[in-house]
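Asks: So that you have it, the file is work-v2.cif, and it contains mmCIF, C-alpha atoms:
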data_coords
loop_
_atom_site.label_atom_id
_atom_site.label_comp_id
_atom_site.auth_asym_id
_atom_site.auth_seq_id
_atom_site.Cartn_x
_atom_site.Cartn_y
_atom_site.Cartn_z
CA MET A 1 -1.97 0.22 -26.97
CA SER A 2 -3.41 -1.75 -29.84
CA GLN A 3 -4.72 1.44 -31.36
CA SER A 4 -1.64 3.52 -30.92
CA TYR A 5 0.76 4.39 -33.67
CA ASN A 6 4.02 2.46 -33.69
CA ARG A 7 6.93 4.86 -33.79
CA GLY A 8 9.56 2.16 -33.78
CA LEU A 9 12.47 1.31 -31.56
CA ILE A 10 13.83 4.84 -31.25
CA GLU A 11 11.04 5.87 -28.93
CA ASP A 12 11.47 2.91 -26.64
CA PHE A 13 15.16 3.62 -26.23
CA SER A 14 14.62 7.11 -24.95
CA ARG A 15 11.90 5.87 -22.66
CA TRP A 16 14.25 3.36 -21.05
CA ARG A 17 16.58 6.13 -20.00
CA GLU A 18 13.85 8.05 -18.26
CA PHE A 19 12.53 5.46 -15.82
CA GLU A 20 11.97 6.87 -12.37
CA ALA A 21 12.44 5.17 -9.01
CA GLY A 22 8.84 4.00 -8.72
CA MET A 23 8.98 2.35 -12.13
CA TRP A 24 12.24 0.56 -11.37
CA ALA A 25 10.75 -0.66 -8.10
CA TRP A 26 7.80 -2.08 -10.02
CA ILE A 27 10.02 -3.80 -12.59
CA PHE A 28 12.30 -5.30 -9.94
CA HIS A 29 9.30 -6.40 -7.90
CA LYS A 30 7.80 -8.21 -10.91
CA PHE A 31 11.13 -9.76 -11.82
CA THR A 32 11.93 -10.99 -8.30
CA GLY A 33 8.37 -12.27 -7.98
CA TRP A 34 8.73 -14.43 -11.08
CA VAL A 35 12.15 -15.68 -9.94
CA LEU A 36 10.67 -16.67 -6.59
CA ILE A 37 7.82 -18.54 -8.30
CA GLY A 38 10.38 -20.39 -10.45
CA TYR A 39 12.39 -21.21 -7.34
CA LEU A 40 9.27 -22.50 -5.62
CA PHE A 41 8.85 -25.22 -8.25
CA THR A 42 12.46 -26.43 -7.95
CA HIS A 43 12.07 -26.23 -4.19
CA ILE A 44 9.03 -28.55 -4.34
CA ALA A 45 10.93 -30.94 -6.60
CA VAL A 46 13.80 -31.19 -4.11
CA LEU A 47 11.57 -31.44 -1.04
CA SER A 48 9.41 -34.16 -2.61
CA THR A 49 12.35 -36.54 -2.43
CA ALA A 50 11.52 -36.67 1.28
CA ILE A 51 8.52 -38.97 0.62
CA PRO A 52 10.49 -41.85 -0.99
CA ALA A 53 13.23 -41.20 1.58
CA ALA A 54 10.68 -41.77 4.37
CA ASN A 55 9.73 -45.06 2.70
CA GLY A 56 13.35 -46.17 2.84
CA ALA A 57 14.53 -45.27 -0.69
CA THR A 58 18.30 -44.91 -0.88
CA MET A 59 20.85 -43.71 -3.41
CA MET A 60 24.59 -44.06 -3.88
CA PHE A 61 26.36 -40.93 -2.72
CA GLN A 62 30.14 -40.68 -2.45
CA GLY A 63 30.46 -44.42 -2.32
CA SER A 64 28.00 -45.00 0.52
CA GLU A 65 24.24 -45.68 0.74
CA THR A 66 22.40 -42.55 1.86
CA ASP A 67 18.68 -41.84 1.81
CA VAL A 68 17.51 -39.91 -1.30
CA PHE A 69 16.60 -36.72 0.51
CA THR A 70 19.93 -36.19 2.23
CA GLY A 71 21.79 -37.40 -0.84
CA THR A 72 19.99 -34.94 -3.16
CA ILE A 73 20.53 -31.98 -0.89
CA VAL A 74 24.16 -32.71 -0.10
CA SER A 75 25.00 -33.32 -3.77
CA LEU A 76 23.23 -30.09 -4.81
CA GLU A 77 25.08 -28.16 -2.13
CA GLY A 78 28.30 -29.59 -3.51
CA LEU A 79 27.81 -27.74 -6.82
CA LEU A 80 29.51 -24.36 -7.07
CA LEU A 81 26.73 -23.04 -9.33
CA VAL A 82 24.09 -23.87 -6.71
CA ARG A 83 26.11 -22.06 -4.03
CA ILE A 84 26.32 -18.93 -6.16
CA LEU A 85 22.65 -19.13 -7.14
CA GLU A 86 21.73 -19.32 -3.46
CA VAL A 87 23.29 -15.90 -2.91
CA GLY A 88 21.23 -14.60 -5.83
CA LEU A 89 18.12 -16.22 -4.38
CA LEU A 90 18.67 -14.51 -1.07
CA ALA A 91 19.14 -11.14 -2.82
CA VAL A 92 15.93 -11.66 -4.79
CA ALA A 93 13.95 -12.75 -1.74
CA VAL A 94 15.25 -9.91 0.44
CA PHE A 95 14.46 -7.28 -2.18
CA HIS A 96 10.99 -8.72 -2.71
CA MET A 97 10.31 -8.61 1.01
CA LEU A 98 11.62 -5.10 1.55
CA ASN A 99 9.86 -3.69 -1.49
CA GLY A 100 6.75 -5.57 -0.45
CA THR A 101 6.88 -3.71 2.86
CA ARG A 102 7.35 -0.48 0.95
CA LEU A 103 4.28 -1.28 -1.18
CA LEU A 104 2.32 -2.05 1.97
CA LEU A 105 3.16 1.42 3.27
CA VAL A 106 2.19 2.91 -0.09
CA ASP A 107 -1.15 1.09 0.08
CA LEU A 108 -1.72 2.47 3.55
CA GLY A 109 -0.90 5.94 2.27
CA ILE A 110 2.15 6.35 4.49
CA GLY A 111 5.13 8.27 3.21
CA LEU A 112 4.14 8.52 -0.45
CA GLU A 113 6.38 11.55 -0.88
CA ALA A 114 9.35 9.43 0.18
CA GLN A 115 8.54 6.45 -2.04
CA ASP A 116 11.71 6.89 -4.10
CA LYS A 117 13.86 7.11 -0.98
CA SER A 118 12.32 3.96 0.47
CA PHE A 119 13.05 2.20 -2.82
CA TYR A 120 16.70 3.23 -2.69
CA ALA A 121 16.84 2.23 0.97
CA SER A 122 15.49 -1.24 0.16
CA LEU A 123 18.08 -1.57 -2.63
CA ILE A 124 20.93 -0.62 -0.32
CA LEU A 125 19.69 -2.89 2.44
CA THR A 126 19.35 -5.77 -0.04
CA GLY A 127 22.93 -5.18 -1.17
CA ALA A 128 24.21 -5.10 2.39
CA ILE A 129 22.41 -8.27 3.45
CA THR A 130 23.54 -10.09 0.30
CA VAL A 131 27.16 -9.13 0.81
CA ALA A 132 26.95 -10.14 4.47
CA SER A 133 25.56 -13.54 3.46
CA VAL A 134 28.36 -14.37 1.03
CA PRO A 135 30.72 -15.95 3.64
CA THR A 136 27.93 -18.22 4.88
CA PHE A 137 26.85 -19.42 1.45
CA ILE A 138 30.20 -19.64 -0.29
CA ALA A 139 32.24 -21.04 2.66
CA GLY A 140 34.11 -24.11 1.52
CA ALA A 141 32.71 -23.95 -2.02
CA PHE A 142 36.04 -23.13 -3.67
CA MET B 143 24.25 53.90 -45.96
CA SER B 144 21.18 54.64 -48.05
CA THR B 145 20.58 52.34 -50.96
CA GLN B 146 17.73 54.13 -52.65
CA THR B 147 19.38 57.09 -54.31
CA PRO B 148 22.61 55.47 -55.60
CA THR B 149 20.77 52.73 -57.49
CA GLN B 150 18.54 55.30 -59.13
CA THR B 151 21.47 57.36 -60.36
CA GLU B 152 23.26 54.21 -61.45
CA GLU B 153 20.34 53.11 -63.58
CA SER B 154 20.02 56.45 -65.32
CA SER B 155 23.77 56.92 -65.75
CA GLU B 156 24.19 53.39 -67.11
CA THR B 157 21.79 54.06 -69.94
CA ASP B 158 23.63 57.12 -71.14
CA ALA B 159 26.98 55.42 -70.47
CA GLU B 160 26.01 52.77 -73.03
CA ALA B 161 25.02 55.51 -75.46
CA ASP B 162 28.25 57.55 -75.66
CA ALA B 163 31.19 56.49 -73.45
CA PRO B 164 31.63 52.71 -72.91
CA SER B 165 34.80 53.23 -70.90
CA LYS B 166 32.90 55.41 -68.49
CA GLY B 167 30.21 52.71 -68.20
CA ASP B 168 32.84 50.05 -67.51
CA GLU B 169 34.24 52.28 -64.84
CA ARG B 170 30.84 52.61 -63.27
CA ARG B 171 30.14 48.88 -63.49
CA ASP B 172 33.50 48.21 -61.85
CA GLU B 173 32.61 50.68 -59.18
CA LYS B 174 29.26 48.98 -58.73
CA ARG B 175 30.85 45.52 -58.53
CA ARG B 176 33.38 46.80 -56.03
CA ARG B 177 30.64 48.31 -53.90
CA ALA B 178 28.57 45.10 -54.05
CA ALA B 179 31.59 43.08 -52.97
CA GLU B 180 32.14 45.49 -50.12
CA GLU B 181 28.54 45.20 -49.11
CA ARG B 182 28.73 41.40 -49.21
CA ALA B 183 31.88 41.39 -47.07
CA ARG B 184 30.26 43.74 -44.58
CA ARG B 185 27.16 41.57 -44.32
CA GLN B 186 29.22 38.43 -43.91
CA ALA B 187 31.25 40.04 -41.14
CA GLU B 188 28.01 41.08 -39.50
CA GLU B 189 26.67 37.54 -39.68
CA ALA B 190 29.91 36.11 -38.30
CA GLU B 191 29.83 38.65 -35.53
CA LYS B 192 26.24 37.75 -34.77
CA ALA B 193 27.05 34.02 -34.78
CA ALA B 194 29.98 34.66 -32.47
CA ALA B 195 27.80 36.77 -30.20
CA ASP B 196 25.00 34.25 -29.88
CA GLU B 197 27.24 31.27 -29.84
CA GLU B 198 24.49 29.74 -27.79
CA THR B 199 22.20 27.94 -30.17
CA VAL B 200 20.23 24.91 -29.14
CA GLU B 201 19.84 21.83 -31.26
CA LEU B 202 16.31 20.53 -31.49
CA LYS B 203 15.42 17.13 -32.93
CA VAL B 204 11.74 17.18 -33.69
CA PHE B 205 9.59 14.22 -34.66
CA ARG B 206 7.95 14.71 -38.05
CA TYR B 207 5.14 12.64 -39.49
CA ASP B 208 2.15 13.36 -41.65
CA PRO B 209 0.08 10.56 -43.15
CA GLU B 210 -1.39 12.96 -45.72
CA VAL B 211 1.88 14.26 -47.18
CA GLU B 212 3.86 11.88 -49.35
CA GLY B 213 7.30 12.92 -48.16
CA LYS B 214 6.36 12.70 -44.48
CA GLN B 215 4.62 9.33 -44.28
CA GLU B 216 7.83 7.76 -43.05
CA PRO B 217 8.40 9.17 -39.53
CA ARG B 218 11.67 11.03 -39.14
CA PHE B 219 13.47 13.55 -36.96
CA ASP B 220 14.23 17.06 -38.25
CA THR B 221 17.05 19.06 -36.72
CA PHE B 222 16.57 22.75 -35.97
CA HIS B 223 19.17 25.14 -34.59
CA VAL B 224 17.53 27.82 -32.50
CA PRO B 225 19.36 30.82 -31.01
CA PHE B 226 19.10 30.52 -27.24
CA THR B 227 17.67 33.36 -25.22
CA LYS B 228 17.49 33.46 -21.46
CA GLY B 229 14.33 31.84 -20.14
CA MET B 230 13.57 30.09 -23.39
CA THR B 231 11.16 27.17 -23.12
CA VAL B 232 10.77 24.19 -25.42
CA LEU B 233 7.61 25.77 -26.76
CA ASP B 234 9.49 29.00 -27.58
CA ALA B 235 12.09 27.01 -29.46
CA LEU B 236 9.41 25.12 -31.37
CA MET B 237 7.64 28.35 -32.29
CA TYR B 238 10.95 29.84 -33.48
CA SER B 239 11.58 26.75 -35.59
CA ARG B 240 8.12 26.91 -37.09
CA ASP B 241 8.27 30.64 -37.82
CA THR B 242 11.85 30.60 -39.15
CA TYR B 243 12.52 27.26 -40.77
CA ASP B 244 9.42 25.21 -41.50
CA SER B 245 5.93 26.61 -41.33
CA SER B 246 4.46 23.10 -41.62
CA LEU B 247 5.77 22.09 -38.19
CA THR B 248 2.61 21.30 -36.27
CA PHE B 249 1.99 21.33 -32.52
CA ARG B 250 -0.76 22.43 -30.15
CA HIS B 251 -0.29 25.43 -27.94
CA SER B 252 -2.46 28.21 -26.65
CA CYS B 253 -1.89 30.08 -23.42
CA ARG B 254 1.89 29.49 -23.12
CA GLN B 255 1.69 29.62 -19.32
CA ALA B 256 0.89 26.08 -18.25
CA VAL B 257 -2.83 26.64 -17.89
CA CYS B 258 -4.48 25.41 -21.08
CA GLY B 259 -2.73 22.04 -21.04
CA SER B 260 -2.51 21.66 -24.81
CA ASP B 261 1.25 21.32 -25.29
CA ALA B 262 2.18 18.17 -23.39
CA MET B 263 4.98 16.50 -25.32
CA PHE B 264 7.61 13.81 -24.96
CA VAL B 265 10.78 15.84 -24.39
CA ASN B 266 14.09 14.02 -23.93
CA GLY B 267 12.28 10.87 -22.94
CA GLY B 268 9.80 12.33 -20.48
CA GLN B 269 6.28 13.73 -20.63
CA LYS B 270 6.65 17.48 -20.22
CA LEU B 271 4.57 20.57 -20.69
CA ALA B 272 6.56 22.35 -23.44
CA CYS B 273 5.65 25.84 -22.21
CA LYS B 274 7.04 25.30 -18.71
CA THR B 275 10.10 23.26 -19.62
CA GLN B 276 13.21 25.40 -19.63
CA ILE B 277 15.71 24.70 -22.41
CA SER B 278 18.54 25.42 -19.98
CA GLU B 279 17.53 22.43 -17.87
CA LEU B 280 17.66 19.99 -20.76
CA GLU B 281 20.48 18.06 -22.30
CA GLU B 282 21.28 18.73 -25.93
CA PRO B 283 20.20 17.75 -28.49
CA ILE B 284 16.64 18.13 -27.30
CA ARG B 285 14.39 15.40 -28.67
CA VAL B 286 10.80 16.47 -29.02
CA GLU B 287 8.27 13.76 -29.78
CA PRO B 288 4.49 13.49 -29.54
CA LEU B 289 3.03 11.85 -26.42
CA PRO B 290 3.57 8.08 -26.36
CA HIS B 291 0.62 5.68 -26.29
CA ALA B 292 -1.57 7.92 -28.39
CA GLU B 293 -2.15 7.96 -32.10
CA VAL B 294 -0.12 10.60 -33.90
CA ARG B 295 -2.21 12.82 -36.14
CA LYS B 296 0.59 15.01 -37.45
CA ASP B 297 4.06 15.91 -36.16
CA LEU B 298 3.58 16.57 -32.43
CA VAL B 299 -0.21 16.42 -32.44
CA VAL B 300 -1.80 13.29 -30.98
CA ASP B 301 -5.38 12.12 -30.85
CA MET B 302 -6.75 13.08 -27.41
CA GLU B 303 -10.22 11.61 -27.95
CA HIS B 304 -9.64 8.50 -25.84
CA PHE B 305 -8.28 10.60 -22.97
CA TYR B 306 -11.32 12.89 -23.07
CA ASP B 307 -13.63 9.85 -23.14
CA GLN B 308 -12.01 8.52 -19.97
CA MET B 309 -12.24 11.95 -18.33
CA GLU B 310 -15.92 12.21 -19.13
CA ALA B 311 -16.58 8.64 -17.96
CA VAL B 312 -16.18 9.76 -14.33
CA GLU B 313 -18.76 12.55 -14.72
CA PRO B 314 -16.38 15.42 -14.03
CA TYR B 315 -18.97 17.92 -12.82
CA PHE B 316 -20.55 18.81 -9.50
CA GLN B 317 -23.70 16.92 -8.64
CA THR B 318 -25.77 16.97 -5.47
CA ASN B 319 -29.16 16.14 -4.10
CA GLU B 320 -28.64 18.19 -0.99
CA TYR B 321 -29.54 21.82 -1.46
CA PRO B 322 -29.31 24.56 1.14
CA ASP B 323 -32.61 25.79 2.59
CA GLY B 324 -32.93 29.23 1.09
CA GLU B 325 -33.29 29.41 -2.66
CA LEU B 326 -30.44 31.91 -2.98
CA GLU B 327 -28.23 30.22 -0.37
CA GLU B 328 -24.69 29.30 -1.42
CA GLN B 329 -23.33 25.77 -1.27
CA ARG B 330 -20.51 26.37 1.11
CA GLN B 331 -17.47 24.18 1.57
CA THR B 332 -15.43 23.99 4.76
CA ARG B 333 -11.88 25.25 4.60
CA GLU B 334 -10.54 21.81 5.56
CA ASN B 335 -12.47 20.11 2.78
CA ARG B 336 -11.26 22.67 0.27
CA GLU B 337 -7.67 22.04 1.38
CA LYS B 338 -8.22 18.32 0.94
CA ILE B 339 -9.29 18.56 -2.69
CA LYS B 340 -7.11 21.56 -3.52
CA MET B 341 -4.38 19.78 -5.44
CA SER B 342 -6.83 17.60 -7.36
CA THR B 343 -8.62 20.68 -8.75
CA ARG B 344 -5.44 21.79 -10.51
CA CYS B 345 -5.67 19.29 -13.36
CA ILE B 346 -5.35 20.93 -16.78
CA TRP B 347 -6.27 17.85 -18.84
CA CYS B 348 -2.89 17.74 -20.59
CA SER B 349 -2.80 13.92 -20.69
CA ALA B 350 0.86 13.70 -19.64
CA CYS B 351 -0.01 11.27 -16.81
CA MET B 352 -2.13 9.07 -19.05
CA SER B 353 0.73 8.92 -21.54
CA SER B 354 3.29 8.02 -18.88
CA CYS B 355 1.14 5.30 -17.32
CA ASN B 356 2.31 1.82 -18.14
CA ILE B 357 -1.03 0.30 -17.20
CA ALA B 358 -3.08 2.71 -19.28
CA ALA B 359 -0.80 1.85 -22.21
CA GLY B 360 -1.70 -1.81 -22.02
CA ASP B 361 -5.32 -1.48 -20.96
CA ASN B 362 -7.40 0.90 -23.03
CA GLU B 363 -10.33 0.57 -20.65
CA TYR B 364 -8.36 1.74 -17.61
CA LEU B 365 -9.69 5.10 -16.50
CA GLY B 366 -6.19 6.49 -16.11
CA PRO B 367 -4.65 8.77 -13.47
CA ALA B 368 -6.26 12.00 -14.67
CA ALA B 369 -9.80 10.61 -14.68
CA ILE B 370 -9.37 8.99 -11.28
CA ASN B 371 -7.99 12.26 -9.94
CA LYS B 372 -11.07 13.97 -11.33
CA ALA B 373 -13.25 11.40 -9.59
CA TYR B 374 -11.31 12.05 -6.38
CA ARG B 375 -11.93 15.76 -6.68
CA PHE B 376 -15.70 15.21 -6.58
CA ALA B 377 -15.92 12.07 -4.42
CA MET B 378 -14.01 13.88 -1.67
CA ASP B 379 -16.10 17.01 -1.98
CA GLU B 380 -18.38 16.89 1.05
CA ARG B 381 -21.03 19.09 -0.54
CA GLU B 382 -22.06 16.35 -2.96
CA GLY B 383 -23.62 14.23 -0.22
CA GLU B 384 -23.59 10.52 0.56
CA ASP B 385 -25.73 9.12 -2.27
CA ILE B 386 -23.72 10.88 -4.99
CA LYS B 387 -20.49 9.74 -3.37
CA GLN B 388 -21.83 6.19 -3.47
CA LYS B 389 -22.48 6.57 -7.18
CA ARG B 390 -18.97 7.91 -7.73
CA LEU B 391 -17.38 5.07 -5.78
CA GLU B 392 -19.23 2.61 -7.99
CA ILE B 393 -17.57 4.15 -11.05
CA ILE B 394 -14.17 4.24 -9.36
CA GLU B 395 -14.15 0.65 -8.11
CA GLN B 396 -15.09 -1.01 -11.37
CA GLU B 397 -12.76 -3.59 -12.85
CA HIS B 398 -10.86 -0.98 -14.87
CA GLY B 399 -11.00 1.67 -12.19
CA VAL B 400 -8.61 2.29 -9.30
CA TRP B 401 -7.61 -1.36 -8.93
CA ARG B 402 -5.58 -1.31 -12.15
CA CYS B 403 -3.11 1.11 -10.56
CA GLN B 404 0.12 -0.62 -9.59
CA THR B 405 1.75 2.38 -7.90
CA GLN B 406 4.57 2.92 -10.36
CA PHE B 407 4.41 6.65 -9.57
CA SER B 408 5.02 7.58 -13.22
CA CYS B 409 1.99 9.88 -13.32
CA THR B 410 3.04 11.68 -10.14
CA GLU B 411 6.53 12.20 -11.57
CA VAL B 412 5.37 13.74 -14.85
CA CYS B 413 2.39 15.82 -13.68
CA PRO B 414 3.21 19.44 -14.64
CA LYS B 415 0.88 20.71 -11.90
CA ASP B 416 2.45 18.51 -9.19
CA ILE B 417 -0.78 16.74 -8.34
CA PRO B 418 -0.06 13.76 -6.05
CA LEU B 419 -1.98 11.42 -8.36
CA THR B 420 -0.81 8.14 -6.85
CA GLU B 421 -1.74 9.39 -3.40
CA HIS B 422 -5.24 10.21 -4.60
CA ILE B 423 -5.64 6.86 -6.32
CA GLN B 424 -4.46 5.04 -3.18
CA GLU B 425 -6.87 7.00 -1.04
CA LEU B 426 -9.74 6.07 -3.34
CA LYS B 427 -8.69 2.42 -3.12
CA ARG B 428 -8.96 2.64 0.65
CA GLU B 429 -12.32 4.40 0.34
CA ALA B 430 -13.54 1.61 -1.93
CA VAL B 431 -12.41 -1.08 0.51
CA LYS B 432 -14.01 0.74 3.45
CA ASN B 433 -17.17 1.10 1.41
CA ASN B 434 -17.43 -2.64 0.79
CA LEU B 435 -16.14 -4.13 4.04
CA LYS B 436 -18.94 -5.28 6.30
CA PHE B 437 -18.29 -6.94 9.61
CA TRP B 438 -21.81 -8.06 10.36
#
Could you render the structure as structure tokens?
Replies:
Amino acid sequence: MSQSYNRGLIEDFSRWREFEAGMWAWIFHKFTGWVLIGYLFTHIAVLSTAIPAANGATMMFQGSETDVFTGTIVSLEGLLLVRILEVGLLAVAVFHMLNGTRLLLVDLGIGLEAQDKSFYASLILTGAITVASVPTFIAGAF
Amino acid sequence: MSTQTPTQTEESSETDAEADAPSKGDERRDEKRRRAAEERARRQAEEAEKAAADEETVELKVFRYDPEVEGKQEPRFDTFHVPFTKGMTVLDALMYSRDTYDSSLTFRHSCRQAVCGSDAMFVNGGQKLACKTQISELEEPIRVEPLPHAEVRKDLVVDMEHFYDQMEAVEPYFQTNEYPDGELEEQRQTRENREKIKMSTRCIWCSACMSSCNIAAGDNEYLGPAAINKAYRFAMDEREGEDIKQKRLEIIEQEHGVWRCQTQFSCTEVCPKDIPLTEHIQELKREAVKNNLKFW
């Protein structure tokens, strides 16, 4: 790439339009992977309140003394933004899993002719599972 | 209507018209003007008729760049209108543009039947072989650009040297240490083995896959789909024997060999010869793993 001639933005625009299924799958897989890594760090931060909680640390939550772990989780769950993000997290995780299975099949050399169809299938399934999860995640948030 | 004789008589009559009767000469000049106007009108009508008849013209936007010509150092797109004929390919349209409008329009082409592999281009945002891409299947205006991820030499011509280097890196020729007994014996291949490597032998070295590959774009050392396919063609050929296959696998499984592939399927999508490149790369990955796994 370093040696190639830069033909400016125009070229990149037309290339965007022409992405095929396999390329989109790769982009989404990378994206969801990075999102999951980011989530993992916040997840560790929340879970690590369990150690002081085990040692008897408490915090004030809704006027009463609760241990830090429960308090943190319940207060986070009380935020509308967190509820909505949880739906997004599920969508990201489900797609990453399904596409990961698809990539496993590709690595085993199974169904390479149908790789675009399996990508679309994983997209549709992700959508369906996400929609089905909305009542569970959003219940009582509004 | 013949044009030869009237002009001759006009010339001769005009000279003697000037000599004695100016009125007669005026008359003739009027006549001549009238006839010229008629001729012009006729030709215009003909042109209009022709334009109405082949209403179907295609609009081509062609990338132009030439570092050696002052006016072309800044890359630009030129628009050409080409009359459409049934079965016209992008290459036909380019050749028409070059022959009719601008003889400096530069692109590679040779056999015009998808065999020589010299006219891979970036057409409407995809790597296509210009000679087998039908105009009728494309959206207008048709954008023709040189292959991405390669240095542009001039207009649609890119530097293929790096691609050829990668192709040659996998030793794309038959090698064997196992010869048949008789001196004049043939090295026969089983039908099954031939079927196995059949698709991989169809590569025409057009570089469309290499240009479409996202990984090859970012990693100049990556062998690229075409070279790995070439390696597949020989590694899977049973006539080469075990020791040569071992040598080939060593080339394939280097750091910038098969393991760079991230199965984006771009190469398989653009290959004008429909070679299942990703499938071949994946199979070589499995071969490489099998080659290195030891359970004792």
Asks: Select, as a PyMOL selection string, those residues of chain B with any atom no more than 10 Å from chain A (distances computed using all atoms listed in the file).
Replies: chain B and resi 205+207+216-218+264-269+285+287-288+290-295+300-301+354-362+404-408+410-412+418+420-425+427-428
Asks: So which one's closest to Ala121 (chain A), A:Phe31, A:Leu98, A:Leu104, A:Leu90? Using only C-alpha atoms, please.
Replies: A:Leu98
Asks: Please enumerate the residues selected by the PyMOL selection byres ((chain A and resi 91) around 10) when evaluated against the supplied file, formatted as a list of chain:residue names.
Replies: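 Listing what the PyMOL selection byres ((chain A and resi 91) around 10) selects in the shown file: A:Thr32, A:Leu85, A:Glu86, A:Val87, A:Gly88, A:Leu89, A:Leu90, A:Val92, A:Ala93, A:Val94, A:Phe95, A:His96, A:Met97, A:Leu123, A:Leu125, A:Thr126, A:Gly127, A:Ala128, A:Ile129, A:Thr130, A:Val131, A:Ser133.
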Asks: Within 9 Å of region 61-64 of chain A, counting all atoms listed in the file, which residues show up once you throw out same-chain ones fewer than 6 positions away? Write them as an mmCIF file with C-alpha atoms, keeping the file's coordinate frame, please.
Replies:
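So the final result, stored in selection_17.cif, reads:
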data_model
loop_
_atom_site.group_PDB
_atom_site.id
_atom_site.type_symbol
_atom_site.label_atom_id
_atom_site.label_comp_id
_atom_site.auth_asym_id
_atom_site.auth_seq_id
_atom_site.Cartn_x
_atom_site.Cartn_y
_atom_site.Cartn_z
ATOM 1 C CA GLY A 71 21.790 -37.400 -0.840
ATOM 2 C CA THR A 72 19.990 -34.940 -3.160
ATOM 3 C CA VAL A 74 24.160 -32.710 -0.100
ATOM 4 C CA SER A 75 25.000 -33.320 -3.770
#
Asks: Which residue, B:Thr275, B:Thr318, B:Ser245, B:Ser239, has the smallest gap to Glu384 (chain B) when you use all atoms listed in the file?
Replies: B:Thr318
Asks: Residues within 10 Å of (14.9, 23.6, -17.9), file coordinates, counting only C-alpha atoms: what are they? Give the list as a VMD selection string.
Replies: chain B and resid 229 to 232 274 to 281
Asks: With all atoms listed in the file as the counted atoms, please give the residues lying no more than 7 Å from region 249-263 of chain B, apart from itself and same-chain residues fewer than 5 positions off, as a list in words.
Replies: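 The filter keeps Gln269, Lys270, Leu271, Ala272, Cys273, Lys274, Val286, Glu287, Pro288, Leu289, Asp297, Leu298, Val299, Ile346, Trp347, Cys348 and Ala350 of chain B.
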Asks: Quick check, in Å to one decimal: how far apart do CA of Thr248 (chain B) and CA of Leu202 (chain B) lie?
Replies: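 CA of Thr248 (chain B) sits 14.5 Å away from CA of Leu202 (chain B).
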Asks: When the PyMOL selection byres ((chain B and resi 316) around 8) is applied to the structure above, which residues does it catch, written out as a PyMOL selection string?
Replies: chain B and resi 314-315+317-318+376+382
Asks: Calculate how many Å separate CA of Met352 (chain B) from CA of His398 (chain B), rounding to one decimal.
Replies: 14.0 Å
Asks: Using the chain letters and numbers from the file, give me the residues hit by the PyMOL selection byres ((chain B and resi 238) around 12), as a VMD selection string.
Replies: chain B and resid 199 to 200 202 222 to 227 230 to 237 239 to 245 247
Asks: Can you tell me, as JSON, the centre and edge lengths (Å, one decimal) of the axis-aligned box enclosing all of region 90-93 of chain A's listed atoms after padding each side by 5 Å?
Replies:
{"center_x": 16.5, "center_y": -12.8, "center_z": -2.9, "size_x": 15.2, "size_y": 13.4, "size_z": 13.7}
Asks: Would you list the contacts of Ile370 (chain B) as a short mmCIF file (atom, residue, chain, number, x, y, z; two decimals) with C-alpha atoms, keeping the file's coordinate frame, taking every protein, DNA or RNA residue within 9 Å and counting only C-alpha atoms, but skipping same-chain residues closer than 5 positions in sequence?
Replies:
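Output file selection.cif follows:
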data_model
loop_
_atom_site.label_atom_id
_atom_site.label_comp_id
_atom_site.auth_asym_id
_atom_site.auth_seq_id
_atom_site.Cartn_x
_atom_site.Cartn_y
_atom_site.Cartn_z
CA MET B 309 -12.24 11.95 -18.33
CA VAL B 312 -16.18 9.76 -14.33
CA LEU B 365 -9.69 5.10 -16.50
CA ARG B 375 -11.93 15.76 -6.68
CA ILE B 394 -14.17 4.24 -9.36
CA GLY B 399 -11.00 1.67 -12.19
CA VAL B 400 -8.61 2.29 -9.30
CA LEU B 419 -1.98 11.42 -8.36
CA HIS B 422 -5.24 10.21 -4.60
CA ILE B 423 -5.64 6.86 -6.32
CA LEU B 426 -9.74 6.07 -3.34
#
Asks: My list of candidates is A:Pro135, A:Ser48, A:Lys30, A:Glu65. Which is closest to Ile84 (chain A) when distances are computed with only C-alpha atoms?
Replies: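 When distances to Ile84 (chain A) are compared using only C-alpha atoms, the smallest one comes from A:Pro135.
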Asks: Between CA of Tyr39 (chain A) and CA of Gly140 (chain A), what is the spacing in Å?
Replies: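 About the pair CA of Gly140 (chain A) and CA of Tyr39 (chain A): they are 23.6 Å apart.
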Asks: Could region 89-93 of chain A be completed with N, CA and C atoms and written as a compact mmCIF listing (two decimals), keeping the file's coordinate frame, please?
Replies:
# COMPACT_ATOMS: atom_id res chain seq x y z
N LEU A 89 19.47 -15.97 -4.90
CA LEU A 89 18.12 -16.22 -4.38
C LEU A 89 17.85 -15.39 -3.15
N LEU A 90 18.84 -15.31 -2.28
CA LEU A 90 18.67 -14.51 -1.07
C LEU A 90 18.46 -13.04 -1.45
N ALA A 91 19.26 -12.54 -2.40
CA ALA A 91 19.14 -11.14 -2.82
C ALA A 91 17.73 -10.88 -3.35
N VAL A 92 17.26 -11.79 -4.20
CA VAL A 92 15.93 -11.66 -4.79
C VAL A 92 14.85 -11.68 -3.72
N ALA A 93 14.97 -12.62 -2.79
CA ALA A 93 13.95 -12.75 -1.74
C ALA A 93 13.95 -11.52 -0.83
